file query-v5.pdb (PDB, C-alpha atoms)
ATOM      1  CA  MET U   1      88.713  88.221 140.206
ATOM      2  CA  LYS U   2      90.612  87.921 143.495
ATOM      3  CA  GLU U   3      92.383  84.781 142.231
ATOM      4  CA  ILE U   4      93.190  86.509 138.931
ATOM      5  CA  ARG U   5      94.561  89.586 140.696
ATOM      6  CA  ASP U   6      96.620  87.474 143.111
ATOM      7  CA  LYS U   7      98.149  85.572 140.201
ATOM      8  CA  ALA U   8      98.899  88.829 138.371
ATOM      9  CA  ARG U   9     100.599  90.234 141.475
ATOM     10  CA  GLU U  10     102.823  87.154 141.602
ATOM     11  CA  LEU U  11     103.739  87.308 137.922
ATOM     12  CA  MET U  12     104.255  91.072 137.719
ATOM     13  CA  LYS U  13     107.066  90.887 140.297
ATOM     14  CA  GLY U  14     106.774  94.423 141.625
ATOM     15  CA  TYR U  15     106.394  96.069 138.223
ATOM     16  CA  CYS U  16     102.785  96.409 139.324
ATOM     17  CA  ARG U  17     101.700  95.742 142.912
ATOM     18  CA  VAL U  18      98.101  95.201 141.787
ATOM     19  CA  CYS U  19      96.916  97.562 144.491
ATOM     20  CA  LYS U  20      93.377  97.367 145.836
ATOM     21  CA  VAL U  21      92.794 100.748 144.182
ATOM     22  CA  CYS U  22      94.880 101.355 141.044
ATOM     23  CA  ASP U  23      95.451 105.080 141.609
ATOM     24  CA  GLY U  24      99.107 105.649 140.713
ATOM     25  CA  LYS U  25     100.264 106.588 144.199
ATOM     26  CA  VAL U  26     102.533 103.648 145.059
ATOM     27  CA  CYS U  27     104.029 103.399 141.551
ATOM     28  CA  ALA U  28     104.588 107.126 140.905
ATOM     29  CA  GLY U  29     107.587 107.668 138.640
ATOM     30  CA  GLU U  30     108.022 103.983 137.838
ATOM     31  CA  VAL U  31     108.456 104.095 134.076
ATOM     32  CA  PRO U  32     109.316 101.417 132.851
ATOM     33  CA  GLY U  33     106.737  99.749 135.008
ATOM     34  CA  MET U  34     103.063 100.642 135.259
ATOM     35  CA  GLY U  35     103.397 104.014 136.987
ATOM     36  CA  GLY U  36     102.926 107.588 135.890
ATOM     37  CA  LEU U  37     105.775 109.791 134.696
ATOM     38  CA  GLY U  38     107.672 111.973 137.165
ATOM     39  CA  THR U  39     105.565 112.752 140.218
ATOM     40  CA  GLY U  40     102.757 110.600 138.830
ATOM     41  CA  ALA U  41     100.459 113.645 138.995
ATOM     42  CA  SER U  42      98.798 112.973 135.638
ATOM     43  CA  PHE U  43      98.015 109.342 136.488
ATOM     44  CA  LYS U  44      96.649 110.379 139.888
ATOM     45  CA  ALA U  45      94.658 113.238 138.318
ATOM     46  CA  ASN U  46      92.747 110.733 136.190
ATOM     47  CA  LEU U  47      91.458 108.968 139.303
ATOM     48  CA  GLU U  48      90.900 112.159 141.283
ATOM     49  CA  ALA U  49      88.943 113.800 138.467
ATOM     50  CA  LEU U  50      86.540 110.872 138.212
ATOM     51  CA  GLU U  51      86.155 110.658 141.979
ATOM     52  CA  GLY U  52      85.123 114.319 141.999
ATOM     53  CA  PHE U  53      81.868 113.552 140.219
ATOM     54  CA  ARG U  54      78.870 112.165 142.102
ATOM     55  CA  LEU U  55      75.852 110.294 140.743
ATOM     56  CA  ASN U  56      72.179 111.147 141.214
ATOM     57  CA  MET U  57      70.353 108.110 142.568
ATOM     58  CA  ARG U  58      66.881 107.701 141.081
ATOM     59  CA  LEU U  59      64.553 104.779 141.736
ATOM     60  CA  LEU U  60      61.083 105.992 140.718
ATOM     61  CA  HIS U  61      61.190 104.592 137.202
ATOM     62  CA  ASP U  62      60.794 101.390 135.182
ATOM     63  CA  ALA U  63      64.433 100.941 134.030
ATOM     64  CA  SER U  64      64.854  97.648 135.896
ATOM     65  CA  GLU U  65      66.635  95.789 133.083
ATOM     66  CA  PRO U  66      68.841  98.331 131.273
ATOM     67  CA  ASP U  67      70.289  97.643 127.854
ATOM     68  CA  THR U  68      74.052  98.209 127.932
ATOM     69  CA  SER U  69      74.579  97.459 124.230
ATOM     70  CA  THR U  70      75.663 100.081 121.712
ATOM     71  CA  SER U  71      77.313 100.520 118.338
ATOM     72  CA  LEU U  72      80.638 102.309 117.980
ATOM     73  CA  LEU U  73      82.408 102.959 114.678
ATOM     74  CA  GLY U  74      80.170 100.449 112.946
ATOM     75  CA  ILE U  75      80.748  97.662 115.482
ATOM     76  CA  ASP U  76      77.902  96.308 117.607
ATOM     77  CA  MET U  77      79.078  95.912 121.193
ATOM     78  CA  SER U  78      77.672  94.508 124.420
ATOM     79  CA  MET U  79      78.659  97.745 126.178
ATOM     80  CA  PRO U  80      80.558 100.938 125.254
ATOM     81  CA  VAL U  81      83.876  99.640 126.582
ATOM     82  CA  MET U  82      87.129  98.760 124.792
ATOM     83  CA  ALA U  83      90.513  97.535 125.972
ATOM     84  CA  ALA U  84      93.094 100.308 125.636
ATOM     85  CA  PRO U  85      96.259  99.663 123.603
ATOM     86  CA  ILE U  86      99.000  98.462 125.953
ATOM     87  CA  GLY U  87     102.087  96.482 125.024
ATOM     88  CA  GLY U  88     105.450  95.674 126.553
ATOM     89  CA  VAL U  89     104.709  92.791 128.909
ATOM     90  CA  SER U  90     108.434  92.007 129.174
ATOM     91  CA  PHE U  91     109.608  95.434 130.370
ATOM     92  CA  ASN U  92     106.465  97.003 131.888
ATOM     93  CA  MET U  93     104.784  93.998 133.517
ATOM     94  CA  GLY U  94     107.552  91.672 134.640
ATOM     95  CA  GLY U  95     107.526  89.248 131.725
ATOM     96  CA  GLY U  96     105.385  86.665 133.524
ATOM     97  CA  VAL U  97     103.488  85.935 130.316
ATOM     98  CA  SER U  98     104.695  86.219 126.747
ATOM     99  CA  GLU U  99     103.829  89.168 124.534
ATOM    100  CA  GLU U 100     101.992  86.820 122.163
ATOM    101  CA  ASP U 101      99.881  85.266 124.928
ATOM    102  CA  TYR U 102      99.124  88.677 126.395
ATOM    103  CA  ALA U 103      97.941  90.205 123.102
ATOM    104  CA  ASP U 104      95.858  87.129 122.330
ATOM    105  CA  ALA U 105      94.260  87.232 125.790
ATOM    106  CA  VAL U 106      93.209  90.862 125.349
ATOM    107  CA  VAL U 107      91.928  90.624 121.765
ATOM    108  CA  SER U 108      90.273  87.211 122.118
ATOM    109  CA  GLY U 109      88.871  88.018 125.553
ATOM    110  CA  CYS U 110      87.312  91.226 124.310
ATOM    111  CA  LYS U 111      85.754  89.492 121.311
ATOM    112  CA  ALA U 112      84.279  86.795 123.547
ATOM    113  CA  ALA U 113      82.857  89.497 125.827
ATOM    114  CA  GLY U 114      81.208  91.266 122.902
ATOM    115  CA  VAL U 115      83.513  94.292 122.868
ATOM    116  CA  ILE U 116      86.766  95.067 121.051
ATOM    117  CA  GLY U 117      90.397  95.158 122.101
ATOM    118  CA  CYS U 118      93.148  97.481 120.924
ATOM    119  CA  THR U 119      96.786  96.466 120.525
ATOM    120  CA  GLY U 120      99.991  98.383 121.189
ATOM    121  CA  ASP U 121     103.126  99.278 119.286
ATOM    122  CA  GLY U 122     106.730 100.089 120.083
ATOM    123  CA  VAL U 123     110.185  98.540 120.220
ATOM    124  CA  PRO U 124     111.018  95.662 119.729
ATOM    125  CA  PRO U 125     108.946  94.527 116.709
ATOM    126  CA  LEU U 126     107.456  91.710 118.806
ATOM    127  CA  LEU U 127     105.058  94.268 120.321
ATOM    128  CA  HIS U 128     103.165  95.112 117.152
ATOM    129  CA  GLU U 129     103.657  91.673 115.607
ATOM    130  CA  SER U 130     101.952  90.008 118.583
ATOM    131  CA  GLY U 131      99.043  92.424 118.374
ATOM    132  CA  PHE U 132      98.650  92.022 114.631
ATOM    133  CA  ALA U 133      98.712  88.221 114.969
ATOM    134  CA  ALA U 134      95.996  88.306 117.628
ATOM    135  CA  ILE U 135      93.777  90.523 115.477
ATOM    136  CA  GLU U 136      94.279  88.330 112.425
ATOM    137  CA  LYS U 137      93.485  85.208 114.488
ATOM    138  CA  ASN U 138      90.192  86.858 115.481
ATOM    139  CA  GLY U 139      89.184  87.646 111.917
ATOM    140  CA  GLY U 140      90.137  91.320 112.075
ATOM    141  CA  HIS U 141      88.190  91.947 115.296
ATOM    142  CA  GLY U 142      90.629  94.313 116.965
ATOM    143  CA  ILE U 143      92.088  97.782 116.571
ATOM    144  CA  PRO U 144      95.834  98.102 115.956
ATOM    145  CA  PHE U 145      97.304 101.322 117.331
ATOM    146  CA  ILE U 146     100.431 102.551 115.592
ATOM    147  CA  LYS U 147     102.735 105.152 117.094
ATOM    148  CA  PRO U 148     103.364 108.459 115.277
ATOM    149  CA  TRP U 149     106.624 107.285 113.732
ATOM    150  CA  GLU U 150     108.775 109.458 111.548
ATOM    151  CA  GLY U 151     109.734 108.234 108.083
ATOM    152  CA  ALA U 152     108.811 104.980 106.377
ATOM    153  CA  GLU U 153     108.031 102.995 109.535
ATOM    154  CA  LEU U 154     104.564 104.507 109.822
ATOM    155  CA  ASP U 155     103.466 103.497 106.323
ATOM    156  CA  GLU U 156     105.054 100.071 106.677
ATOM    157  CA  LYS U 157     103.103  99.335 109.863
ATOM    158  CA  LEU U 158      99.851 100.638 108.405
ATOM    159  CA  GLU U 159     100.282  98.255 105.497
ATOM    160  CA  LYS U 160     101.078  95.364 107.848
ATOM    161  CA  GLY U 161      98.066  96.256 109.977
ATOM    162  CA  ARG U 162      95.845  96.189 106.909
ATOM    163  CA  LYS U 163      96.704  92.525 106.368
ATOM    164  CA  THR U 164      95.087  91.632 109.716
ATOM    165  CA  GLY U 165      91.665  92.312 108.216
ATOM    166  CA  CYS U 166      90.857  95.041 110.736
ATOM    167  CA  SER U 167      88.327  97.756 109.872
ATOM    168  CA  ILE U 168      89.650 100.412 112.273
ATOM    169  CA  PHE U 169      93.151 101.812 112.823
ATOM    170  CA  GLY U 170      94.374 104.011 115.647
ATOM    171  CA  MET U 171      97.320 106.312 116.252
ATOM    172  CA  ASP U 172      98.386 107.256 119.779
ATOM    173  CA  VAL U 173      99.746 110.723 119.052
ATOM    174  CA  ASP U 174     100.110 111.070 122.829
ATOM    175  CA  ALA U 175     103.207 108.879 122.457
ATOM    176  CA  ALA U 176     104.958 111.630 120.467
ATOM    177  CA  GLY U 177     107.112 112.624 123.432
ATOM    178  CA  LEU U 178     108.592 109.202 124.166
ATOM    179  CA  ILE U 179     112.268 110.170 124.180
ATOM    180  CA  THR U 180     113.342 106.557 124.747
ATOM    181  CA  LEU U 181     112.183 105.635 121.245
ATOM    182  CA  ARG U 182     114.234 108.432 119.698
ATOM    183  CA  GLN U 183     117.249 107.306 121.723
ATOM    184  CA  MET U 184     116.795 103.857 120.171
ATOM    185  CA  GLY U 185     116.904 105.398 116.708
ATOM    186  CA  ARG U 186     113.152 104.993 116.228
ATOM    187  CA  PRO U 187     111.832 108.548 116.567
ATOM    188  CA  VAL U 188     108.180 109.502 116.991
ATOM    189  CA  SER U 189     106.856 113.030 116.583
ATOM    190  CA  PRO U 190     103.721 115.185 116.670
ATOM    191  CA  LYS U 191     101.646 115.176 113.490
ATOM    192  CA  PRO U 192     100.543 118.435 111.824
ATOM    193  CA  LEU U 193      97.130 118.647 110.196
ATOM    194  CA  SER U 194      98.493 118.205 106.659
ATOM    195  CA  GLU U 195     100.251 114.943 107.532
ATOM    196  CA  LEU U 196      97.292 113.620 109.495
ATOM    197  CA  LYS U 197      94.997 114.221 106.526
ATOM    198  CA  LYS U 198      97.255 112.147 104.267
ATOM    199  CA  ILE U 199      97.346 109.280 106.767
ATOM    200  CA  ILE U 200      93.589 109.326 107.294
ATOM    201  CA  ASP U 201      92.849 109.591 103.577
ATOM    202  CA  LYS U 202      95.010 106.508 103.012
ATOM    203  CA  VAL U 203      93.125 104.520 105.645
ATOM    204  CA  HIS U 204      89.759 105.716 104.335
ATOM    205  CA  GLY U 205      90.867 104.511 100.908
ATOM    206  CA  TRP U 206      90.880 101.016 102.417
ATOM    207  CA  ASP U 207      87.272 101.505 103.637
ATOM    208  CA  ALA U 208      88.600 101.561 107.202
ATOM    209  CA  LYS U 209      88.127 104.063 110.016
ATOM    210  CA  PHE U 210      90.758 106.046 111.922
ATOM    211  CA  ILE U 211      91.066 107.010 115.601
ATOM    212  CA  ILE U 212      93.346 109.719 117.006
ATOM    213  CA  LYS U 213      94.309 109.021 120.627
ATOM    214  CA  GLY U 214      95.688 111.785 122.821
ATOM    215  CA  VAL U 215      93.303 114.716 122.250
ATOM    216  CA  MET U 216      93.033 116.766 125.446
ATOM    217  CA  THR U 217      91.834 120.198 124.271
ATOM    218  CA  PRO U 218      88.810 121.470 122.311
ATOM    219  CA  ASP U 219      90.957 123.114 119.623
ATOM    220  CA  GLU U 220      92.766 119.868 118.837
ATOM    221  CA  ALA U 221      89.439 118.031 118.823
ATOM    222  CA  GLU U 222      88.346 120.427 116.081
ATOM    223  CA  LEU U 223      91.581 119.757 114.202
ATOM    224  CA  ALA U 224      90.859 116.022 114.377
ATOM    225  CA  VAL U 225      87.451 116.670 112.823
ATOM    226  CA  GLU U 226      89.072 118.807 110.133
ATOM    227  CA  ALA U 227      91.599 116.056 109.412
ATOM    228  CA  GLY U 228      88.744 113.641 108.771
ATOM    229  CA  ALA U 229      89.250 111.340 111.769
ATOM    230  CA  ASP U 230      86.331 109.091 112.666
ATOM    231  CA  ALA U 231      86.997 109.193 116.405
ATOM    232  CA  ILE U 232      89.179 110.765 119.048
ATOM    233  CA  ILE U 233      90.267 109.442 122.412
ATOM    234  CA  VAL U 234      90.580 111.981 125.196
ATOM    235  CA  SER U 235      93.728 110.598 126.794
ATOM    236  CA  ASN U 236      96.914 111.648 128.570
ATOM    237  CA  HIS U 237      98.516 108.256 127.813
ATOM    238  CA  GLY U 238      97.734 106.998 131.293
ATOM    239  CA  GLY U 239      99.831 109.791 132.775
ATOM    240  CA  ARG U 240     102.987 108.247 131.303
ATOM    241  CA  VAL U 241     104.228 110.968 128.945
ATOM    242  CA  LEU U 242     103.644 114.408 130.535
ATOM    243  CA  ASP U 243     103.535 115.243 134.221
ATOM    244  CA  HIS U 244     100.846 117.592 135.583
ATOM    245  CA  THR U 245      98.152 117.263 132.931
ATOM    246  CA  PRO U 246      94.501 117.434 133.984
ATOM    247  CA  GLY U 247      92.590 114.237 134.464
ATOM    248  CA  THR U 248      90.729 113.125 131.361
ATOM    249  CA  ALA U 249      87.361 113.509 133.115
ATOM    250  CA  GLU U 250      88.247 117.189 133.585
ATOM    251  CA  ALA U 251      89.144 117.663 129.931
ATOM    252  CA  LEU U 252      86.281 115.646 128.452
ATOM    253  CA  PRO U 253      83.306 118.025 128.915
ATOM    254  CA  ASP U 254      84.906 120.929 127.024
ATOM    255  CA  VAL U 255      86.002 118.615 124.223
ATOM    256  CA  ALA U 256      82.533 117.063 124.004
ATOM    257  CA  GLU U 257      80.859 120.463 123.921
ATOM    258  CA  LYS U 258      83.024 121.503 120.980
ATOM    259  CA  VAL U 259      82.744 118.420 118.725
ATOM    260  CA  HIS U 260      79.657 116.512 119.882
ATOM    261  CA  GLY U 261      77.863 115.067 116.878
ATOM    262  CA  LYS U 262      80.822 115.704 114.560
ATOM    263  CA  ILE U 263      83.027 112.784 115.596
ATOM    264  CA  THR U 264      82.897 109.751 117.890
ATOM    265  CA  ILE U 265      84.262 110.740 121.308
ATOM    266  CA  LEU U 266      86.075 108.124 123.364
ATOM    267  CA  VAL U 267      87.988 108.542 126.620
ATOM    268  CA  ASP U 268      90.396 106.595 128.824
ATOM    269  CA  GLY U 269      92.202 107.282 132.088
ATOM    270  CA  GLY U 270      91.347 106.122 135.589
ATOM    271  CA  ILE U 271      88.262 104.081 134.664
ATOM    272  CA  ARG U 272      88.065 101.224 137.135
ATOM    273  CA  THR U 273      84.368 100.358 137.612
ATOM    274  CA  GLY U 274      81.052 100.331 135.821
ATOM    275  CA  ALA U 275      80.116 103.483 137.722
ATOM    276  CA  ASP U 276      83.204 105.165 136.225
ATOM    277  CA  VAL U 277      82.030 104.129 132.763
ATOM    278  CA  LEU U 278      78.644 105.687 133.509
ATOM    279  CA  LYS U 279      80.279 108.928 134.652
ATOM    280  CA  MET U 280      82.359 109.246 131.482
ATOM    281  CA  LEU U 281      79.287 108.678 129.303
ATOM    282  CA  ALA U 282      77.408 111.324 131.304
ATOM    283  CA  LEU U 283      80.328 113.726 130.763
ATOM    284  CA  GLY U 284      79.992 113.408 126.988
ATOM    285  CA  ALA U 285      81.839 110.281 125.852
ATOM    286  CA  ASP U 286      80.325 107.797 123.414
ATOM    287  CA  GLY U 287      82.532 105.046 124.791
ATOM    288  CA  VAL U 288      85.517 104.362 127.050
ATOM    289  CA  LEU U 289      88.792 102.462 126.985
ATOM    290  CA  ILE U 290      90.225 100.690 130.027
ATOM    291  CA  GLY U 291      93.965 100.046 130.255
ATOM    292  CA  ARG U 292      95.782  98.869 133.363
ATOM    293  CA  PRO U 293      92.933  96.768 134.880
ATOM    294  CA  VAL U 294      92.545  94.846 131.608
ATOM    295  CA  ALA U 295      96.329  94.315 131.528
ATOM    296  CA  VAL U 296      96.254  92.950 135.077
ATOM    297  CA  ALA U 297      93.371  90.624 134.171
ATOM    298  CA  ALA U 298      95.252  89.396 131.071
ATOM    299  CA  VAL U 299      98.451  88.687 132.996
ATOM    300  CA  GLY U 300      96.592  87.024 135.871
ATOM    301  CA  GLY U 301      94.112  84.957 133.897
ATOM    302  CA  LEU U 302      94.837  85.290 130.167
ATOM    303  CA  GLN U 303      91.649  85.241 128.065
ATOM    304  CA  GLU U 304      89.495  83.971 130.928
ATOM    305  CA  GLY U 305      90.780  86.784 133.116
ATOM    306  CA  VAL U 306      89.892  89.430 130.539
ATOM    307  CA  GLU U 307      86.438  87.936 130.044
ATOM    308  CA  GLN U 308      85.827  87.842 133.794
ATOM    309  CA  TYR U 309      86.945  91.443 134.283
ATOM    310  CA  LEU U 310      84.734  92.690 131.444
ATOM    311  CA  ALA U 311      81.779  90.705 132.815
ATOM    312  CA  THR U 312      82.349  92.443 136.150
ATOM    313  CA  ILE U 313      82.390  95.877 134.487
ATOM    314  CA  LYS U 314      79.203  95.086 132.554
ATOM    315  CA  ALA U 315      77.382  93.962 135.709
ATOM    316  CA  GLN U 316      78.524  97.104 137.544
ATOM    317  CA  LEU U 317      77.456  99.345 134.658
ATOM    318  CA  SER U 318      74.047  97.684 134.504
ATOM    319  CA  GLY U 319      73.576  98.105 138.251
ATOM    320  CA  ALA U 320      74.614 101.761 138.125
ATOM    321  CA  MET U 321      72.173 102.370 135.259
ATOM    322  CA  VAL U 322      69.312 100.874 137.296
ATOM    323  CA  LEU U 323      70.164 103.072 140.255
ATOM    324  CA  THR U 324      70.329 106.250 138.146
ATOM    325  CA  GLY U 325      67.253 105.554 136.009
ATOM    326  CA  CYS U 326      68.957 104.884 132.660
ATOM    327  CA  LYS U 327      67.133 102.326 130.520
ATOM    328  CA  ASP U 328      69.782 102.269 127.788
ATOM    329  CA  ILE U 329      73.073 103.887 126.755
ATOM    330  CA  ALA U 330      71.330 106.614 124.758
ATOM    331  CA  SER U 331      69.464 107.778 127.876
ATOM    332  CA  ILE U 332      72.675 108.535 129.790
ATOM    333  CA  ASP U 333      73.294 112.285 129.943
ATOM    334  CA  SER U 334      74.493 114.991 132.333
ATOM    335  CA  ASN U 335      71.340 114.583 134.472
ATOM    336  CA  VAL U 336      72.994 111.458 135.847
ATOM    337  CA  LEU U 337      75.565 113.682 137.584
ATOM    338  CA  PHE U 338      74.882 115.452 140.882
TER     339      PHE U 338
END
call {"tool": "encode", "arguments": {"input": "query-v5.pdb", "output": "structure tokens"}}
result
Amino acid sequence: MKEIRDKARELMKGYCRVCKVCDGKVCAGEVPGMGGLGTGASFKANLEALEGFRLNMRLLHDASEPDTSTSLLGIDMSMPVMAAPIGGVSFNMGGGVSEEDYADAVVSGCKAAGVIGCTGDGVPPLLHESGFAAIEKNGGHGIPFIKPWEGAELDEKLEKGRKTGCSIFGMDVDAAGLITLRQMGRPVSPKPLSELKKIIDKVHGWDAKFIIKGVMTPDEAELAVEAGADAIIVSNHGGRVLDHTPGTAEALPDVAEKVHGKITILVDGGIRTGADVLKMLALGADGVLIGRPVAVAAVGGLQEGVEQYLATIKAQLSGAMVLTGCKDIASIDSNVLF
């Protein structure tokens, strides 16, 4: 991983310093780039919120070989981890690798590691086209995320995504405030319940599932359930759209309490290690998404880099489960937390 990170640092040319701890402090306000918006408070809050939780160490048990496998949204996975949807290698990551190679590294690397990768969307078209191509190459094993576009663009991209053979679609409604897209004549906007229902019904008509990314409050989690979504992602878009939000680990417990058992609950934001994965599961998530570290691994080592990073996370998660007495994913609950 050190070689992969060193190579990524070289290729990312200051767009990301590949810091020892990816906490948003050095890159605050660097958008474009990999930083958080404004003061970077939301990005930093993700890390700080997770750091605020401690783990109960337990060793008087027989959970010496924990099972990290799980099933999420009908997909069997080696662990409850996905790659978050990130695109824009050329303007956010220095352009050291092509958009096509980056998307392929993430999607193919995740498949090889027994998990699933998500792909991004935006302007120019190369962003979603590269993601769609990677998913199609992998037999539909990937989740295309489509921004909450206004007008015909949304339906057009859903239809194009369908041709990849994927069984799950996502929408990052947390991108609704990206003013730069509107300035480019490609506006995105929040989605009311009535519109969401129509979108989800369309996807369900294809026998596919639908994820809403960007749910940070219990009331909107309930709205997602009412709209018929199959999953939500508790996410503040990596701290890149609204300054001064809470960290996702702060928001997660209240959301989980409100909709547990009604919808699959996923979370991203500040997850850097297997112990962080364990914490998020203990706080009520069914699975997690990891963004920037996967992007760094993809830039620094392409598919091999992604595979190596995910292997590291899996080993860390397994070790943390041994040390907290969790024999499998289902046994992880709030008792893990101090």
call {"tool": "residues_around", "arguments": {"input": "query-v5.pdb", "residues": "Glu51 (chain U)", "least_positions_apart": "3", "cutoff": "12 Å", "atoms": "all atoms listed in the file", "output": "ChimeraX atom specification"}}
result
/U:23,44-48,54-55,247-250,270-273,275-276,279-280,337
call {"tool": "atom_distance", "arguments": {"input": "query-v5.pdb", "atom1": "CA of Ala112 (chain U)", "atom2": "CA of Glu307 (chain U)"}}
result
6.9 Å
call {"tool": "atom_distance", "arguments": {"input": "query-v5.pdb", "atom1": "CA of Leu127 (chain U)", "atom2": "CA of Gly88 (chain U)"}}
result
6.4 Å
call {"tool": "resolve_selection", "arguments": {"input": "query-v5.pdb", "expression": "the PyMOL selection byres ((chain U and resi 213) around 9)", "output": "list in words"}}
result
Phe145, Gly170, Met171, Asp172, Val173, Asp174, Ile211, Ile212, Gly214, Val215, Ala231, Ile232, Ile233, Val234, Ser235, Asn236, His237, Leu266 and Val267 of chain U
call {"tool": "resolve_selection", "arguments": {"input": "query-v5.pdb", "expression": "the PyMOL selection byres ((chain U and resi 329) around 12)", "output": "MDAnalysis selection string"}}
result
chainID U and resid 63 66:72 77:81 277:282 284:287 317:318 320:322 324:328 330:333 336
call {"tool": "atom_distance", "arguments": {"input": "query-v5.pdb", "atom1": "CA of Arg9 (chain U)", "atom2": "CA of Gly269 (chain U)"}}
result
21.2 Å
